[in-house]
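Data first, discussion second: the structure below is written as structure tokens.
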Amino acid sequence: IGAEGAEAAAAELRHAPSLKSLDLGSNGIGAAGAAAVGRELRHALRLEILDLRRNRIGDAGAAAAAAELRHAPRLRSLDLSRNAIVGAAGAGPVAQELRHAPKLQTVDLSFNDIGQEGEEAVALLLLEEPPRALRDVRCLDLAGALLRRQVHWPLAGAADRSNAEILSELRRRLQRRVVALLLSLRAHPKRRSRGPASDDVYR
């Protein structure tokens, strides 16, 4: 259907508020088509599954679609596989937006050229602020990426931990940090004006 067909399909989302799944895989929509779909996500508030696989949307299309994830509050699954997304420049902007998708559980980036640099960029972004519901970023080895960057604590002594286990540990650690900060502010009210310590990874 190409970019033009994707734009037409995306425009119909505003007339389908109950739509739960949208499959545009293998349709040659390119970056422009992916951006058009992204723009219309705000009209698909019940959408749970978005499949854009095998469309060669590239880095620009992936970033444009991901930037609109905050307008899809029920999205659980996003498939961006086989889309010519390359390295940190392609995967980084996608990972940056995952924190704004509160229900998103699975992102598929398989059969792209993410590489080790891209894996590490994604891992560090997830380390900084782990998304609330995310369980897996398919094709990425978060354990390996964290080990290469010498970040050992999320692995809890097991370098073969799954992405789901690592993400769960990151969320638990963030929760404990938040609770500790709140208790500290309650005990020392003057700290409220200074904010978190400069060395806090979750500041």
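Identifiers in this document derive from the order of the structure tokens: chains are assigned A, B, ..., residues are numbered from 1 separately in each chain, and ligands are numbered from 1 in order of occurrence.
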
task = Would you list, as a count of residues only, the residues of region 11-176 of chain A that end up in alpha helix (DSSP H) under DSSP run on this structure's backbone?
result = 67

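Every protein, DNA or RNA residue with an atom at most 6 Å from Ala36 (chain A), where only C-alpha atoms count and chain neighbours fewer than 3 positions away do not, is listed here: Glu7, Gly33 and Arg39 of chain A.
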
Just the selected residues (N, CA and C atoms), exported as a PDB file, in the first residue's frame, please.
```
ATOM      1  N   GLU A   7      -1.052   6.369   4.995  1.00  0.00           N
ATOM      2  CA  GLU A   7      -1.664   7.628   5.441  1.00  0.00           C
ATOM      3  C   GLU A   7      -3.182   7.533   5.415  1.00  0.00           C
ATOM      4  N   GLY A  33       5.062   6.719   5.925  1.00  0.00           N
ATOM      5  CA  GLY A  33       3.893   5.968   6.356  1.00  0.00           C
ATOM      6  C   GLY A  33       3.901   5.708   7.846  1.00  0.00           C
ATOM      7  N   ARG A  39       1.154   9.655  14.017  1.00  0.00           N
ATOM      8  CA  ARG A  39       0.366  10.871  14.265  1.00  0.00           C
ATOM      9  C   ARG A  39      -1.072  10.573  14.634  1.00  0.00           C
TER      10      ARG A  39
END
```

Residue with the minimum atom-to-atom distance to Val37 (chain A), picked from A:Leu50, A:Ala10, A:Leu24, A:Ala143 with only C-alpha atoms counted, is A:Ala10

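When CA of Gln150 (chain A) is paired with CA of Pro102 (chain A), their separation reads 28.6 Å.
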
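For region 74-77 of chain A, the non-local neighbours within 9 Å, defined as residues at least 4 positions apart in the same chain or in other chains and counting only C-alpha atoms, are Lys20, Leu45, Arg46, Leu47, Glu48, Ile49, Leu50, Asp51, Leu69, Ala101, Pro102, Lys103, Leu104, Gln105, Thr106, Val107, Asp108, Ala133 and Leu134 of chain A.
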
Go ahead and write the residues just picked, all heavy atoms, as a short mmCIF file (atom, residue, chain, number, x, y, z; two decimals), in the first residue's frame.
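Resulting contents of out-v7.cif:
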```
data_model
loop_
_atom_site.label_atom_id
_atom_site.label_comp_id
_atom_site.auth_asym_id
_atom_site.auth_seq_id
_atom_site.Cartn_x
_atom_site.Cartn_y
_atom_site.Cartn_z
N LYS A 20 -8.44 -2.63 18.39
CA LYS A 20 -7.45 -3.16 19.32
C LYS A 20 -6.17 -3.63 18.65
O LYS A 20 -5.13 -3.73 19.31
CB LYS A 20 -8.06 -4.31 20.13
CG LYS A 20 -9.15 -3.87 21.10
CD LYS A 20 -9.59 -5.03 21.99
CE LYS A 20 -10.60 -4.55 23.02
NZ LYS A 20 -11.02 -5.65 23.93
N LEU A 45 -7.32 4.99 21.12
CA LEU A 45 -7.02 4.89 22.55
C LEU A 45 -7.12 3.47 23.09
O LEU A 45 -6.63 3.21 24.19
CB LEU A 45 -7.95 5.83 23.34
CG LEU A 45 -7.79 7.32 23.01
CD1 LEU A 45 -8.76 8.15 23.84
CD2 LEU A 45 -6.36 7.77 23.24
N ARG A 46 -7.75 2.55 22.33
CA ARG A 46 -7.86 1.17 22.79
C ARG A 46 -6.91 0.22 22.06
O ARG A 46 -6.95 -0.99 22.29
CB ARG A 46 -9.31 0.68 22.64
CG ARG A 46 -10.29 1.45 23.51
CD ARG A 46 -11.67 0.82 23.48
NE ARG A 46 -12.61 1.58 24.30
CZ ARG A 46 -13.88 1.26 24.48
NH1 ARG A 46 -14.37 0.17 23.89
NH2 ARG A 46 -14.67 2.00 25.23
N LEU A 47 -6.07 0.78 21.22
CA LEU A 47 -5.15 -0.06 20.44
C LEU A 47 -4.18 -0.78 21.37
O LEU A 47 -3.53 -0.16 22.21
CB LEU A 47 -4.37 0.81 19.45
CG LEU A 47 -3.56 0.05 18.40
CD1 LEU A 47 -4.49 -0.69 17.44
CD2 LEU A 47 -2.65 1.00 17.62
N GLU A 48 -4.06 -2.10 21.19
CA GLU A 48 -3.19 -2.92 22.02
C GLU A 48 -2.01 -3.51 21.24
O GLU A 48 -0.96 -3.77 21.82
CB GLU A 48 -3.98 -4.07 22.67
CG GLU A 48 -5.07 -3.58 23.62
CD GLU A 48 -5.83 -4.72 24.26
OE1 GLU A 48 -5.49 -5.89 24.01
OE2 GLU A 48 -6.79 -4.44 25.01
N ILE A 49 -2.18 -3.71 19.95
CA ILE A 49 -1.15 -4.35 19.13
C ILE A 49 -0.92 -3.51 17.87
O ILE A 49 -1.86 -3.24 17.12
CB ILE A 49 -1.55 -5.78 18.74
CG1 ILE A 49 -1.76 -6.64 19.99
CG2 ILE A 49 -0.50 -6.41 17.83
CD1 ILE A 49 -2.37 -7.99 19.70
N LEU A 50 0.34 -3.11 17.65
CA LEU A 50 0.70 -2.37 16.44
C LEU A 50 1.85 -3.10 15.75
O LEU A 50 2.94 -3.25 16.31
CB LEU A 50 1.12 -0.94 16.80
CG LEU A 50 1.57 -0.06 15.61
CD1 LEU A 50 0.48 0.06 14.57
CD2 LEU A 50 2.01 1.32 16.11
N ASP A 51 1.59 -3.56 14.53
CA ASP A 51 2.56 -4.35 13.78
C ASP A 51 2.99 -3.56 12.54
O ASP A 51 2.21 -3.38 11.60
CB ASP A 51 1.93 -5.68 13.38
CG ASP A 51 2.92 -6.63 12.74
OD1 ASP A 51 4.01 -6.18 12.34
OD2 ASP A 51 2.61 -7.84 12.62
N LEU A 69 4.03 7.18 20.99
CA LEU A 69 3.55 6.09 21.84
C LEU A 69 2.83 6.60 23.08
O LEU A 69 1.96 5.93 23.63
CB LEU A 69 4.73 5.20 22.27
CG LEU A 69 5.41 4.39 21.16
CD1 LEU A 69 6.57 3.60 21.74
CD2 LEU A 69 4.41 3.47 20.49
N ALA A 101 5.05 4.83 27.42
CA ALA A 101 4.02 3.86 27.02
C ALA A 101 3.71 2.97 28.23
O ALA A 101 4.37 1.95 28.44
CB ALA A 101 4.50 3.02 25.84
N PRO A 102 2.73 3.34 29.03
CA PRO A 102 2.54 2.71 30.35
C PRO A 102 2.17 1.24 30.33
O PRO A 102 2.42 0.53 31.30
CB PRO A 102 1.42 3.54 30.98
CG PRO A 102 0.68 4.14 29.82
CD PRO A 102 1.73 4.40 28.79
N LYS A 103 1.57 0.74 29.25
CA LYS A 103 1.14 -0.67 29.19
C LYS A 103 2.02 -1.52 28.29
O LYS A 103 1.82 -2.74 28.19
CB LYS A 103 -0.30 -0.75 28.68
CG LYS A 103 -1.34 -0.02 29.52
CD LYS A 103 -1.63 -0.77 30.80
CE LYS A 103 -2.80 -0.11 31.55
NZ LYS A 103 -3.09 -0.82 32.81
N LEU A 104 2.97 -0.92 27.60
CA LEU A 104 3.77 -1.65 26.61
C LEU A 104 4.61 -2.74 27.27
O LEU A 104 5.40 -2.46 28.17
CB LEU A 104 4.67 -0.68 25.85
CG LEU A 104 5.38 -1.24 24.63
CD1 LEU A 104 4.38 -1.68 23.57
CD2 LEU A 104 6.34 -0.21 24.04
N GLN A 105 4.44 -3.98 26.79
CA GLN A 105 5.14 -5.12 27.36
C GLN A 105 6.25 -5.67 26.45
O GLN A 105 7.27 -6.14 26.94
CB GLN A 105 4.14 -6.25 27.66
CG GLN A 105 3.10 -5.88 28.70
CD GLN A 105 2.11 -7.00 28.95
OE1 GLN A 105 2.31 -8.14 28.53
NE2 GLN A 105 1.01 -6.68 29.62
N THR A 106 6.03 -5.60 25.13
CA THR A 106 6.97 -6.22 24.20
C THR A 106 7.26 -5.29 23.02
O THR A 106 6.32 -4.76 22.41
CB THR A 106 6.41 -7.55 23.66
OG1 THR A 106 6.13 -8.42 24.76
CG2 THR A 106 7.43 -8.21 22.75
N VAL A 107 8.55 -5.12 22.73
CA VAL A 107 8.98 -4.40 21.54
C VAL A 107 9.88 -5.34 20.75
O VAL A 107 10.83 -5.91 21.30
CB VAL A 107 9.76 -3.12 21.89
CG1 VAL A 107 10.23 -2.41 20.62
CG2 VAL A 107 8.91 -2.19 22.73
N ASP A 108 9.58 -5.52 19.48
CA ASP A 108 10.36 -6.43 18.64
C ASP A 108 11.24 -5.61 17.69
O ASP A 108 10.73 -4.92 16.81
CB ASP A 108 9.44 -7.34 17.84
CG ASP A 108 10.19 -8.50 17.19
OD1 ASP A 108 11.43 -8.43 17.08
OD2 ASP A 108 9.54 -9.49 16.80
N ALA A 133 5.84 -1.30 32.36
CA ALA A 133 5.32 -2.64 32.08
C ALA A 133 6.21 -3.47 31.17
O ALA A 133 5.94 -4.65 30.98
CB ALA A 133 3.92 -2.52 31.46
N LEU A 134 7.26 -2.89 30.63
CA LEU A 134 8.06 -3.58 29.61
C LEU A 134 8.69 -4.86 30.15
O LEU A 134 9.31 -4.86 31.21
CB LEU A 134 9.16 -2.64 29.10
CG LEU A 134 9.91 -3.12 27.86
CD1 LEU A 134 8.99 -3.19 26.65
CD2 LEU A 134 11.09 -2.18 27.57
#
```

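The shortest atom-to-atom distance to Val94 (chain A), with only C-alpha atoms taken into account, belongs to A:Ala63 out of A:Ala63, A:Leu80, A:Ala187, A:Ala72.
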
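Reported to one decimal place, the separation of CA of His43 (chain A) from CA of Asn112 (chain A) is 28.8 Å.
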
- Task: Extract, using only C-alpha atoms, all DNA, RNA and protein residues at most 6 Å from Ala145 (chain A), discarding same-chain residues fewer than 3 positions from it, and format them as a PyMOL selection string.
- Result: chain A and resi 119-120+142+148
